[in-house]
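Colleague: After the structure tokens below, expect a handful of questions from me.
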Amino acid sequence: MTGRLRSAALAIALLAVITGSLAAAPEPAGPAVAPPAAAAPTPPSDPRQLTYPPLTIAFPKPEKLMLPNGLLVYLFEDHELPLVDLAFYLKAGSIFDPPDKAGLAVLATSLMRTGGTKEMTPDAVDLAVETLPARLSLVCDTDAMSGSLSALRAKFPEALGILAGMLKAPRFEPGRIEVEKARVIEEIRRRWDEPGSIAELNFRALVYGADNPWARLSTAASIGRIGRDDLIEFHRRYVHPNNSVFAVAGDFDKAAMKKMLEGAFGAWTMGKVTPPPVPKIKDSIPVGVHVVSRPLNQSSVELGHLGVNRFDPDKFPIKVLNFILGEGGFSSRLVKEVRSTRGLAYSVSGGIGQDSDRGLFEISCQTKAASTIETIQAIRGIVDRLREQGPTEEEVRVAKEASINSFAFSIDGTVPFMQAFLYYNYYGYPPEFLQTYRDTIAKVTREQVQQAARKHLTPDRLVILIVGDPNGFGAPLSTLGLGEPHPVRLD
């Protein structure tokens, strides 16, 4: 046998031995094989038939902290991001301004932010806020001063110290006072440049009364009367810890945050805060048509009357009603008919407002001059029909679903929830307001919405304000059947 044949024979014999051994050996135990998963259900061909489990929302529970000086703080600890956010409300506002110094609250609040602190010049404050970096704002509205601060966790103590300095000891730098007053006066001079602003501000003055604090406007003269002593007195009168409510949310340890807040605000002195009385809004609106004559090829229209209080028993039916009437975008009756069907206006919206005393029922739109009368008549017809016939069941269903869904997004996250919680806490809503909101909206019925419409929409008591050219309205104003128009003069 040759060497090549001998090697081949040995290889065949060795292969036979190996094969036999493998056949005789037991199979090793392998991993258990899972049974096949159940097949996913076939989705319906019609997307409208899809079903989902009920939406659940976990509401953060804050820890309540009261400092010895009366400062109330709510803490929302959340370590998802290395950020800390603070917000606050303080009982002050433009409705408390002396009549001859209208604009004081807004000016003082702005200068608390831009006018420096006892320890830092205005430029030093601006540079520090920009380089930290941090977002810091102070704002004054009709019945509240509010503020916010947002910074990285590592930078928050320094940013908090700057905010505390603004609240405890604003510098009111004289140079910055003059700059800010000049800026405000220039804004006042430009107030009547934009037709939409003319319509909105004068509508408020007509419905509330020009001298009522809820509609009163600052003037160049009233701003000119405000001096540094007035700003200091505003701060002394209103800016105290026991007149405030704070909330902090984000990446912090509660014990460390308590210590930080005590260090920043512990020396902030309490004070007796007694805002001057504000006259109640009187229901003495000047029903009829009011015109601000301007040579324009487009008209700005405001239409409505007084609204309701924040705590009106019809609060939730009104919310559904507003969506159906004019706050629901392309789902609303105003947009469907005035814009989509008749092409009379690109933008139209409105609803019944709710405020601390009384809000405004207000519908706003802009239309070409030649369609002014037609647009007003169309809006009045929509209000009339909704009041007399009520909404459909489908409109109520869509409005409620939209409100419930948008609510979930508005409080999605600890910081948005903290901001909503603080707002409702400041204005005195029930503690469980946010937790019960969706269920309360869901229980609103078509009958309740119609009752709210009949109670709060009064088409025969409308104030209609038009900013435009009466010679180009497409029809005489007498067509509206509301008597002679009243000219409105702008100061």
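Chain labels A, B, ... are given in the sequence in which chains occur in the structure tokens; within each chain residues are numbered consecutively from 1, and ligands are likewise numbered from 1 in the order shown.
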With only C-alpha atoms as the counted atoms, please give the residues lying no more than 9 Å from Ala264 (chain A), apart from itself and same-chain residues fewer than 5 positions off, as an MDAnalysis selection string.
Modeller: chainID A and resid 157 160:161 163:165 259
Colleague: Taking 4 positions as the minimum chain separation for residues in the same chain, which residues sit within 10 Å of Arg446 (chain A) when counting only C-alpha atoms? Answer as an NGL selection string.
Modeller: :A and (317 or 320-321 or 390-397 or 450-452)
Colleague: List the neighbours of Trp214 (chain A) out to 12 Å using only C-alpha atoms; skip same-chain residues closer than 3 positions along the sequence, and give me the result as an mmCIF file with C-alpha atoms, in the first residue's frame.
Modeller:
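Now in out.cif:
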data_model
loop_
_atom_site.group_PDB
_atom_site.id
_atom_site.type_symbol
_atom_site.label_atom_id
_atom_site.label_comp_id
_atom_site.auth_asym_id
_atom_site.auth_seq_id
_atom_site.Cartn_x
_atom_site.Cartn_y
_atom_site.Cartn_z
ATOM 1 C CA GLY A 93 -50.640 94.960 40.419
ATOM 2 C CA SER A 94 -51.693 97.874 38.267
ATOM 3 C CA ILE A 95 -55.238 97.930 39.697
ATOM 4 C CA PHE A 96 -53.730 99.318 42.914
ATOM 5 C CA ASP A 97 -51.889 102.214 41.207
ATOM 6 C CA PRO A 99 -54.934 107.187 39.458
ATOM 7 C CA ALA A 102 -50.988 104.888 36.442
ATOM 8 C CA ASP A 141 -50.080 92.278 35.614
ATOM 9 C CA THR A 142 -53.382 93.769 36.726
ATOM 10 C CA ASP A 143 -53.606 91.912 40.034
ATOM 11 C CA LEU A 201 -57.674 98.670 24.598
ATOM 12 C CA PHE A 203 -63.052 97.944 23.979
ATOM 13 C CA ARG A 204 -61.866 97.289 27.541
ATOM 14 C CA ALA A 205 -62.314 100.970 28.358
ATOM 15 C CA LEU A 206 -65.864 100.955 26.973
ATOM 16 C CA VAL A 207 -66.998 97.825 28.827
ATOM 17 C CA TYR A 208 -65.205 98.405 32.149
ATOM 18 C CA GLY A 209 -65.231 102.198 32.077
ATOM 19 C CA ALA A 210 -62.156 104.231 31.167
ATOM 20 C CA ASP A 211 -61.492 105.200 34.800
ATOM 21 C CA LEU A 217 -54.125 103.112 30.874
ATOM 22 C CA SER A 218 -50.893 104.816 31.771
ATOM 23 C CA VAL A 278 -60.592 98.543 44.154
ATOM 24 C CA PRO A 279 -64.101 99.541 43.033
ATOM 25 C CA LYS A 280 -66.239 96.680 41.773
ATOM 26 C CA ILE A 281 -66.937 96.550 38.068
ATOM 27 C CA LYS A 282 -70.365 97.986 37.314
ATOM 28 C CA ASP A 355 -61.129 87.146 35.817
ATOM 29 C CA SER A 356 -60.660 88.070 39.473
ATOM 30 C CA ASP A 357 -63.623 90.449 39.389
ATOM 31 C CA ARG A 358 -65.290 89.995 36.006
ATOM 32 C CA GLY A 359 -63.746 89.051 32.714
ATOM 33 C CA LEU A 360 -64.865 90.084 29.242
#
Colleague: Using DSSP secondary structure from the backbone, list all alpha helix (DSSP H) positions within region 310-450 of chain A, as a PDB file with N, CA and C atoms, in the first residue's frame.
Modeller:
ATOM      1  N   LYS A 315     -68.349  77.696  35.487  1.00  0.00           N
ATOM      2  CA  LYS A 315     -66.973  77.760  34.988  1.00  0.00           C
ATOM      3  C   LYS A 315     -66.670  76.686  33.943  1.00  0.00           C
ATOM      4  N   PHE A 316     -67.018  75.445  34.217  1.00  0.00           N
ATOM      5  CA  PHE A 316     -66.663  74.369  33.300  1.00  0.00           C
ATOM      6  C   PHE A 316     -67.588  74.304  32.081  1.00  0.00           C
ATOM      7  N   PRO A 317     -68.899  74.478  32.237  1.00  0.00           N
ATOM      8  CA  PRO A 317     -69.716  74.593  31.027  1.00  0.00           C
ATOM      9  C   PRO A 317     -69.293  75.758  30.133  1.00  0.00           C
ATOM     10  N   ILE A 318     -68.843  76.864  30.741  1.00  0.00           N
ATOM     11  CA  ILE A 318     -68.373  78.001  29.946  1.00  0.00           C
ATOM     12  C   ILE A 318     -67.121  77.627  29.154  1.00  0.00           C
ATOM     13  N   LYS A 319     -66.240  76.836  29.758  1.00  0.00           N
ATOM     14  CA  LYS A 319     -65.037  76.412  29.043  1.00  0.00           C
ATOM     15  C   LYS A 319     -65.400  75.601  27.802  1.00  0.00           C
ATOM     16  N   VAL A 320     -66.357  74.711  27.941  1.00  0.00           N
ATOM     17  CA  VAL A 320     -66.811  73.934  26.789  1.00  0.00           C
ATOM     18  C   VAL A 320     -67.490  74.849  25.770  1.00  0.00           C
ATOM     19  N   LEU A 321     -68.309  75.766  26.257  1.00  0.00           N
ATOM     20  CA  LEU A 321     -68.993  76.725  25.387  1.00  0.00           C
ATOM     21  C   LEU A 321     -67.991  77.559  24.594  1.00  0.00           C
ATOM     22  N   ASN A 322     -66.933  78.031  25.248  1.00  0.00           N
ATOM     23  CA  ASN A 322     -65.937  78.861  24.573  1.00  0.00           C
ATOM     24  C   ASN A 322     -65.257  78.108  23.430  1.00  0.00           C
ATOM     25  N   ARG A 333     -67.384  77.475  15.821  1.00  0.00           N
ATOM     26  CA  ARG A 333     -68.399  77.984  14.902  1.00  0.00           C
ATOM     27  C   ARG A 333     -67.960  79.279  14.229  1.00  0.00           C
ATOM     28  N   LEU A 334     -67.276  80.148  14.968  1.00  0.00           N
ATOM     29  CA  LEU A 334     -66.843  81.408  14.380  1.00  0.00           C
ATOM     30  C   LEU A 334     -65.906  81.171  13.206  1.00  0.00           C
ATOM     31  N   THR A 372     -67.284  94.800   6.516  1.00  0.00           N
ATOM     32  CA  THR A 372     -67.384  95.059   7.953  1.00  0.00           C
ATOM     33  C   THR A 372     -68.777  94.758   8.490  1.00  0.00           C
ATOM     34  N   ILE A 373     -69.790  95.323   7.882  1.00  0.00           N
ATOM     35  CA  ILE A 373     -71.164  95.135   8.365  1.00  0.00           C
ATOM     36  C   ILE A 373     -71.589  93.681   8.226  1.00  0.00           C
ATOM     37  N   GLU A 374     -71.250  93.063   7.092  1.00  0.00           N
ATOM     38  CA  GLU A 374     -71.623  91.663   6.873  1.00  0.00           C
ATOM     39  C   GLU A 374     -70.974  90.768   7.929  1.00  0.00           C
ATOM     40  N   THR A 375     -69.724  91.050   8.278  1.00  0.00           N
ATOM     41  CA  THR A 375     -69.020  90.240   9.273  1.00  0.00           C
ATOM     42  C   THR A 375     -69.668  90.369  10.645  1.00  0.00           C
ATOM     43  N   ILE A 376     -69.999  91.593  11.037  1.00  0.00           N
ATOM     44  CA  ILE A 376     -70.639  91.806  12.338  1.00  0.00           C
ATOM     45  C   ILE A 376     -71.988  91.092  12.391  1.00  0.00           C
ATOM     46  N   GLN A 377     -72.750  91.173  11.314  1.00  0.00           N
ATOM     47  CA  GLN A 377     -74.047  90.493  11.299  1.00  0.00           C
ATOM     48  C   GLN A 377     -73.870  88.971  11.372  1.00  0.00           C
ATOM     49  N   ALA A 378     -72.846  88.451  10.720  1.00  0.00           N
ATOM     50  CA  ALA A 378     -72.593  87.009  10.775  1.00  0.00           C
ATOM     51  C   ALA A 378     -72.240  86.578  12.203  1.00  0.00           C
ATOM     52  N   ILE A 379     -71.405  87.349  12.876  1.00  0.00           N
ATOM     53  CA  ILE A 379     -71.018  87.016  14.249  1.00  0.00           C
ATOM     54  C   ILE A 379     -72.226  87.074  15.174  1.00  0.00           C
ATOM     55  N   ARG A 380     -73.035  88.112  15.046  1.00  0.00           N
ATOM     56  CA  ARG A 380     -74.231  88.214  15.885  1.00  0.00           C
ATOM     57  C   ARG A 380     -75.159  87.021  15.657  1.00  0.00           C
ATOM     58  N   GLY A 381     -75.280  86.580  14.401  1.00  0.00           N
ATOM     59  CA  GLY A 381     -76.137  85.435  14.102  1.00  0.00           C
ATOM     60  C   GLY A 381     -75.620  84.160  14.754  1.00  0.00           C
ATOM     61  N   ILE A 382     -74.307  83.978  14.759  1.00  0.00           N
ATOM     62  CA  ILE A 382     -73.722  82.796  15.382  1.00  0.00           C
ATOM     63  C   ILE A 382     -73.989  82.797  16.887  1.00  0.00           C
ATOM     64  N   VAL A 383     -73.808  83.947  17.515  1.00  0.00           N
ATOM     65  CA  VAL A 383     -74.056  84.050  18.961  1.00  0.00           C
ATOM     66  C   VAL A 383     -75.527  83.796  19.261  1.00  0.00           C
ATOM     67  N   ASP A 384     -76.403  84.375  18.470  1.00  0.00           N
ATOM     68  CA  ASP A 384     -77.847  84.182  18.666  1.00  0.00           C
ATOM     69  C   ASP A 384     -78.230  82.701  18.584  1.00  0.00           C
ATOM     70  N   ARG A 385     -77.755  82.034  17.539  1.00  0.00           N
ATOM     71  CA  ARG A 385     -78.141  80.626  17.337  1.00  0.00           C
ATOM     72  C   ARG A 385     -77.586  79.735  18.441  1.00  0.00           C
ATOM     73  N   LEU A 386     -76.354  79.989  18.844  1.00  0.00           N
ATOM     74  CA  LEU A 386     -75.783  79.163  19.906  1.00  0.00           C
ATOM     75  C   LEU A 386     -76.535  79.366  21.208  1.00  0.00           C
ATOM     76  N   ARG A 387     -76.967  80.589  21.453  1.00  0.00           N
ATOM     77  CA  ARG A 387     -77.710  80.880  22.677  1.00  0.00           C
ATOM     78  C   ARG A 387     -79.095  80.231  22.647  1.00  0.00           C
ATOM     79  N   GLU A 388     -79.772  80.342  21.524  1.00  0.00           N
ATOM     80  CA  GLU A 388     -81.156  79.867  21.453  1.00  0.00           C
ATOM     81  C   GLU A 388     -81.252  78.361  21.223  1.00  0.00           C
ATOM     82  N   GLN A 389     -80.387  77.814  20.386  1.00  0.00           N
ATOM     83  CA  GLN A 389     -80.489  76.397  20.019  1.00  0.00           C
ATOM     84  C   GLN A 389     -79.529  75.509  20.807  1.00  0.00           C
ATOM     85  N   GLU A 393     -74.647  67.568  20.428  1.00  0.00           N
ATOM     86  CA  GLU A 393     -73.954  66.594  21.271  1.00  0.00           C
ATOM     87  C   GLU A 393     -72.529  66.354  20.760  1.00  0.00           C
ATOM     88  N   GLU A 394     -72.371  66.343  19.430  1.00  0.00           N
ATOM     89  CA  GLU A 394     -71.048  66.108  18.860  1.00  0.00           C
ATOM     90  C   GLU A 394     -70.109  67.269  19.186  1.00  0.00           C
ATOM     91  N   GLU A 395     -70.591  68.489  19.127  1.00  0.00           N
ATOM     92  CA  GLU A 395     -69.752  69.637  19.477  1.00  0.00           C
ATOM     93  C   GLU A 395     -69.293  69.563  20.931  1.00  0.00           C
ATOM     94  N   VAL A 396     -70.193  69.176  21.805  1.00  0.00           N
ATOM     95  CA  VAL A 396     -69.834  69.057  23.225  1.00  0.00           C
ATOM     96  C   VAL A 396     -68.803  67.957  23.420  1.00  0.00           C
ATOM     97  N   ARG A 397     -68.997  66.823  22.734  1.00  0.00           N
ATOM     98  CA  ARG A 397     -68.046  65.717  22.869  1.00  0.00           C
ATOM     99  C   ARG A 397     -66.649  66.130  22.401  1.00  0.00           C
ATOM    100  N   VAL A 398     -66.569  66.778  21.247  1.00  0.00           N
ATOM    101  CA  VAL A 398     -65.270  67.203  20.706  1.00  0.00           C
ATOM    102  C   VAL A 398     -64.614  68.219  21.630  1.00  0.00           C
ATOM    103  N   ALA A 399     -65.406  69.164  22.148  1.00  0.00           N
ATOM    104  CA  ALA A 399     -64.853  70.201  23.024  1.00  0.00           C
ATOM    105  C   ALA A 399     -64.306  69.600  24.315  1.00  0.00           C
ATOM    106  N   LYS A 400     -65.033  68.666  24.885  1.00  0.00           N
ATOM    107  CA  LYS A 400     -64.576  68.051  26.136  1.00  0.00           C
ATOM    108  C   LYS A 400     -63.304  67.226  25.908  1.00  0.00           C
ATOM    109  N   GLU A 401     -63.282  66.461  24.831  1.00  0.00           N
ATOM    110  CA  GLU A 401     -62.089  65.659  24.550  1.00  0.00           C
ATOM    111  C   GLU A 401     -60.876  66.550  24.324  1.00  0.00           C
ATOM    112  N   ALA A 402     -61.060  67.640  23.595  1.00  0.00           N
ATOM    113  CA  ALA A 402     -59.941  68.553  23.332  1.00  0.00           C
ATOM    114  C   ALA A 402     -59.430  69.173  24.627  1.00  0.00           C
ATOM    115  N   SER A 403     -60.348  69.545  25.497  1.00  0.00           N
ATOM    116  CA  SER A 403     -59.949  70.158  26.765  1.00  0.00           C
ATOM    117  C   SER A 403     -59.211  69.163  27.654  1.00  0.00           C
ATOM    118  N   ILE A 404     -59.716  67.945  27.718  1.00  0.00           N
ATOM    119  CA  ILE A 404     -59.079  66.915  28.540  1.00  0.00           C
ATOM    120  C   ILE A 404     -57.685  66.590  28.016  1.00  0.00           C
ATOM    121  N   ASN A 405     -57.558  66.472  26.681  1.00  0.00           N
ATOM    122  CA  ASN A 405     -56.259  66.130  26.097  1.00  0.00           C
ATOM    123  C   ASN A 405     -55.257  67.268  26.247  1.00  0.00           C
ATOM    124  N   SER A 406     -55.694  68.501  26.005  1.00  0.00           N
ATOM    125  CA  SER A 406     -54.769  69.639  26.115  1.00  0.00           C
ATOM    126  C   SER A 406     -54.333  69.840  27.562  1.00  0.00           C
ATOM    127  N   PHE A 407     -55.209  69.528  28.503  1.00  0.00           N
ATOM    128  CA  PHE A 407     -54.851  69.652  29.915  1.00  0.00           C
ATOM    129  C   PHE A 407     -53.672  68.740  30.249  1.00  0.00           C
ATOM    130  N   ALA A 408     -53.695  67.534  29.720  1.00  0.00           N
ATOM    131  CA  ALA A 408     -52.606  66.591  30.006  1.00  0.00           C
ATOM    132  C   ALA A 408     -51.269  67.149  29.539  1.00  0.00           C
ATOM    133  N   PHE A 409     -51.254  67.815  28.365  1.00  0.00           N
ATOM    134  CA  PHE A 409     -50.003  68.382  27.864  1.00  0.00           C
ATOM    135  C   PHE A 409     -49.590  69.621  28.654  1.00  0.00           C
ATOM    136  N   SER A 410     -50.552  70.358  29.174  1.00  0.00           N
ATOM    137  CA  SER A 410     -50.223  71.604  29.878  1.00  0.00           C
ATOM    138  C   SER A 410     -49.519  71.363  31.200  1.00  0.00           C
ATOM    139  N   THR A 414     -42.692  68.028  35.716  1.00  0.00           N
ATOM    140  CA  THR A 414     -42.763  68.609  37.055  1.00  0.00           C
ATOM    141  C   THR A 414     -42.813  70.127  37.016  1.00  0.00           C
ATOM    142  N   VAL A 415     -42.009  70.748  36.152  1.00  0.00           N
ATOM    143  CA  VAL A 415     -41.988  72.217  36.101  1.00  0.00           C
ATOM    144  C   VAL A 415     -43.318  72.781  35.591  1.00  0.00           C
ATOM    145  N   PRO A 416     -43.877  72.298  34.471  1.00  0.00           N
ATOM    146  CA  PRO A 416     -45.197  72.797  34.064  1.00  0.00           C
ATOM    147  C   PRO A 416     -46.268  72.583  35.127  1.00  0.00           C
ATOM    148  N   PHE A 417     -46.235  71.423  35.795  1.00  0.00           N
ATOM    149  CA  PHE A 417     -47.219  71.197  36.849  1.00  0.00           C
ATOM    150  C   PHE A 417     -47.005  72.178  37.998  1.00  0.00           C
ATOM    151  N   MET A 418     -45.752  72.413  38.370  1.00  0.00           N
ATOM    152  CA  MET A 418     -45.456  73.369  39.439  1.00  0.00           C
ATOM    153  C   MET A 418     -45.996  74.750  39.098  1.00  0.00           C
ATOM    154  N   GLN A 419     -45.819  75.179  37.846  1.00  0.00           N
ATOM    155  CA  GLN A 419     -46.294  76.500  37.439  1.00  0.00           C
ATOM    156  C   GLN A 419     -47.821  76.584  37.502  1.00  0.00           C
ATOM    157  N   ALA A 420     -48.501  75.535  37.032  1.00  0.00           N
ATOM    158  CA  ALA A 420     -49.964  75.520  37.108  1.00  0.00           C
ATOM    159  C   ALA A 420     -50.427  75.482  38.559  1.00  0.00           C
ATOM    160  N   PHE A 421     -49.803  74.644  39.362  1.00  0.00           N
ATOM    161  CA  PHE A 421     -50.147  74.524  40.777  1.00  0.00           C
ATOM    162  C   PHE A 421     -50.023  75.877  41.473  1.00  0.00           C
ATOM    163  N   LEU A 422     -48.942  76.597  41.198  1.00  0.00           N
ATOM    164  CA  LEU A 422     -48.702  77.877  41.854  1.00  0.00           C
ATOM    165  C   LEU A 422     -49.736  78.913  41.429  1.00  0.00           C
ATOM    166  N   TYR A 423     -50.071  78.933  40.154  1.00  0.00           N
ATOM    167  CA  TYR A 423     -51.079  79.873  39.646  1.00  0.00           C
ATOM    168  C   TYR A 423     -52.417  79.667  40.355  1.00  0.00           C
ATOM    169  N   TYR A 424     -52.883  78.451  40.393  1.00  0.00           N
ATOM    170  CA  TYR A 424     -54.185  78.184  41.014  1.00  0.00           C
ATOM    171  C   TYR A 424     -54.134  78.364  42.529  1.00  0.00           C
ATOM    172  N   ASN A 425     -52.995  78.104  43.123  1.00  0.00           N
ATOM    173  CA  ASN A 425     -52.836  78.356  44.557  1.00  0.00           C
ATOM    174  C   ASN A 425     -52.933  79.848  44.845  1.00  0.00           C
ATOM    175  N   TYR A 426     -52.268  80.667  44.040  1.00  0.00           N
ATOM    176  CA  TYR A 426     -52.271  82.114  44.260  1.00  0.00           C
ATOM    177  C   TYR A 426     -53.678  82.681  44.164  1.00  0.00           C
ATOM    178  N   PHE A 433     -58.100  71.189  42.611  1.00  0.00           N
ATOM    179  CA  PHE A 433     -58.601  71.662  41.318  1.00  0.00           C
ATOM    180  C   PHE A 433     -57.961  70.921  40.153  1.00  0.00           C
ATOM    181  N   LEU A 434     -56.629  70.811  40.137  1.00  0.00           N
ATOM    182  CA  LEU A 434     -55.951  70.153  39.018  1.00  0.00           C
ATOM    183  C   LEU A 434     -56.267  68.662  38.977  1.00  0.00           C
ATOM    184  N   GLN A 435     -56.316  68.028  40.146  1.00  0.00           N
ATOM    185  CA  GLN A 435     -56.563  66.588  40.182  1.00  0.00           C
ATOM    186  C   GLN A 435     -57.958  66.226  39.693  1.00  0.00           C
ATOM    187  N   THR A 436     -58.922  67.104  39.897  1.00  0.00           N
ATOM    188  CA  THR A 436     -60.307  66.804  39.526  1.00  0.00           C
ATOM    189  C   THR A 436     -60.720  67.448  38.208  1.00  0.00           C
ATOM    190  N   TYR A 437     -59.797  68.172  37.579  1.00  0.00           N
ATOM    191  CA  TYR A 437     -60.152  68.954  36.387  1.00  0.00           C
ATOM    192  C   TYR A 437     -60.749  68.080  35.283  1.00  0.00           C
ATOM    193  N   ARG A 438     -60.058  66.999  34.924  1.00  0.00           N
ATOM    194  CA  ARG A 438     -60.526  66.181  33.799  1.00  0.00           C
ATOM    195  C   ARG A 438     -61.882  65.559  34.077  1.00  0.00           C
ATOM    196  N   ASP A 439     -62.068  65.053  35.284  1.00  0.00           N
ATOM    197  CA  ASP A 439     -63.349  64.432  35.611  1.00  0.00           C
ATOM    198  C   ASP A 439     -64.477  65.456  35.590  1.00  0.00           C
ATOM    199  N   THR A 440     -64.174  66.680  36.054  1.00  0.00           N
ATOM    200  CA  THR A 440     -65.214  67.713  36.074  1.00  0.00           C
ATOM    201  C   THR A 440     -65.613  68.114  34.664  1.00  0.00           C
ATOM    202  N   ILE A 441     -64.624  68.286  33.791  1.00  0.00           N
ATOM    203  CA  ILE A 441     -64.930  68.600  32.390  1.00  0.00           C
ATOM    204  C   ILE A 441     -65.727  67.465  31.747  1.00  0.00           C
ATOM    205  N   ALA A 442     -65.335  66.238  32.029  1.00  0.00           N
ATOM    206  CA  ALA A 442     -66.000  65.085  31.412  1.00  0.00           C
ATOM    207  C   ALA A 442     -67.472  65.000  31.783  1.00  0.00           C
ATOM    208  N   ARG A 446     -74.586  68.666  27.542  1.00  0.00           N
ATOM    209  CA  ARG A 446     -75.068  69.619  26.542  1.00  0.00           C
ATOM    210  C   ARG A 446     -76.048  70.605  27.166  1.00  0.00           C
ATOM    211  N   GLU A 447     -76.901  70.123  28.049  1.00  0.00           N
ATOM    212  CA  GLU A 447     -77.891  70.999  28.683  1.00  0.00           C
ATOM    213  C   GLU A 447     -77.212  72.079  29.525  1.00  0.00           C
ATOM    214  N   GLN A 448     -76.139  71.716  30.234  1.00  0.00           N
ATOM    215  CA  GLN A 448     -75.424  72.700  31.038  1.00  0.00           C
ATOM    216  C   GLN A 448     -74.770  73.765  30.161  1.00  0.00           C
ATOM    217  N   VAL A 449     -74.242  73.347  29.006  1.00  0.00           N
ATOM    218  CA  VAL A 449     -73.619  74.310  28.094  1.00  0.00           C
ATOM    219  C   VAL A 449     -74.664  75.272  27.545  1.00  0.00           C
ATOM    220  N   GLN A 450     -75.834  74.750  27.180  1.00  0.00           N
ATOM    221  CA  GLN A 450     -76.883  75.627  26.657  1.00  0.00           C
ATOM    222  C   GLN A 450     -77.373  76.590  27.738  1.00  0.00           C
TER     223      GLN A 450
END
Colleague: Taking the DSSP secondary structure from the backbone, can you list the residues of region 222-390 of chain A that are strand (DSSP E), as a PyMOL selection string?
Modeller: chain A and resi 244-250+288-293+298-306+308-309+348-352+354-355+360-368
Colleague: I need the residue nearest Val338 (chain A) from this list: A:Glu194, A:Ala151, A:Asn309, A:Ser371. Use only C-alpha atoms for the distance.
Modeller: A:Ser371
Colleague: For Pro68 (chain A), work out the shell of residues within 12 Å, counting only C-alpha atoms and skipping chain neighbours fewer than 6 positions away, then give it as a VMD selection string.
Modeller: chain A and resid 241 to 242 261 to 262 265 to 270
Colleague: Only N, CA and C atoms, please: the residues just picked out, written as an mmCIF file, in the first residue's frame.
Modeller:
data_model
loop_
_atom_site.group_PDB
_atom_site.id
_atom_site.type_symbol
_atom_site.label_atom_id
_atom_site.label_comp_id
_atom_site.auth_asym_id
_atom_site.auth_seq_id
_atom_site.Cartn_x
_atom_site.Cartn_y
_atom_site.Cartn_z
ATOM 1 N N PRO A 241 -42.207 88.991 52.199
ATOM 2 C CA PRO A 241 -42.331 87.526 52.101
ATOM 3 C C PRO A 241 -43.721 87.014 52.444
ATOM 4 N N ASN A 242 -44.379 87.645 53.423
ATOM 5 C CA ASN A 242 -45.705 87.193 53.825
ATOM 6 C C ASN A 242 -46.792 87.610 52.844
ATOM 7 N N LEU A 261 -32.842 78.336 50.734
ATOM 8 C CA LEU A 261 -33.910 79.340 50.758
ATOM 9 C C LEU A 261 -33.855 80.176 52.034
ATOM 10 N N GLU A 262 -33.568 79.531 53.147
ATOM 11 C CA GLU A 262 -33.449 80.272 54.402
ATOM 12 C C GLU A 262 -32.287 81.257 54.345
ATOM 13 N N PHE A 265 -33.511 84.145 51.738
ATOM 14 C CA PHE A 265 -34.686 84.970 52.061
ATOM 15 C C PHE A 265 -34.948 85.117 53.557
ATOM 16 N N GLY A 266 -34.132 84.492 54.384
ATOM 17 C CA GLY A 266 -34.402 84.550 55.821
ATOM 18 C C GLY A 266 -34.407 85.960 56.375
ATOM 19 N N ALA A 267 -33.568 86.847 55.835
ATOM 20 C CA ALA A 267 -33.493 88.227 56.332
ATOM 21 C C ALA A 267 -34.496 89.158 55.658
ATOM 22 N N TRP A 268 -35.317 88.616 54.759
ATOM 23 C CA TRP A 268 -36.357 89.422 54.087
ATOM 24 C C TRP A 268 -37.433 89.723 55.123
ATOM 25 N N THR A 269 -37.688 90.994 55.349
ATOM 26 C CA THR A 269 -38.555 91.380 56.462
ATOM 27 C C THR A 269 -40.031 91.312 56.102
ATOM 28 N N MET A 270 -40.810 90.885 57.087
ATOM 29 C CA MET A 270 -42.258 90.873 56.950
ATOM 30 C C MET A 270 -42.787 92.302 56.917
#
Colleague: Quick one: residues within 7 Å of region 170-179 of chain A, only C-alpha atoms counted, chain neighbours fewer than 4 positions away excluded, as a list in words?
Modeller: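 The filter keeps Leu111, Met112, Gly115, Gly116, Thr117, Lys118, Gly165, Met166 and Arg183 of chain A.
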Colleague: Restrict the selected residues to C-alpha atoms and save them as an mmCIF file, in the first residue's frame.
Modeller:
data_model
loop_
_atom_site.group_PDB
_atom_site.id
_atom_site.type_symbol
_atom_site.label_atom_id
_atom_site.label_comp_id
_atom_site.auth_asym_id
_atom_site.auth_seq_id
_atom_site.Cartn_x
_atom_site.Cartn_y
_atom_site.Cartn_z
ATOM 1 C CA LEU A 111 -36.835 98.418 37.480
ATOM 2 C CA MET A 112 -36.550 95.813 40.214
ATOM 3 C CA GLY A 115 -32.209 98.715 38.109
ATOM 4 C CA GLY A 116 -29.641 96.743 40.095
ATOM 5 C CA THR A 117 -29.568 95.583 43.722
ATOM 6 C CA LYS A 118 -27.995 96.868 46.919
ATOM 7 C CA GLY A 165 -31.368 90.856 46.037
ATOM 8 C CA MET A 166 -33.931 92.175 43.543
ATOM 9 C CA ARG A 183 -38.859 103.560 26.938
#
Colleague: Any idea what's packed within 10 Å of Val335 (chain A), counting only C-alpha atoms, ignoring anything in its chain fewer than 3 positions away? Could you give it as a ChimeraX atom specification?
Modeller: /A:325-332,338-349
Colleague: Find, counting only C-alpha atoms, the residue in A:Val245, A:Ala92, A:Ala475, A:Ala128 that gets nearest to Gly428 (chain A).
Modeller: A:Val245
Colleague: Nearest to His290 (chain A) among A:Leu465, A:Pro470, A:Pro41, A:Ala108, with distances taken over only C-alpha atoms: which residue is it?
Modeller: A:Leu465
Colleague: A:Val488, A:Glu187, A:Thr445, A:Arg294: which is nearest Phe473 (chain A), counting only C-alpha atoms?
Modeller: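 Closest to Phe473 (chain A) of all the choices is A:Arg294.
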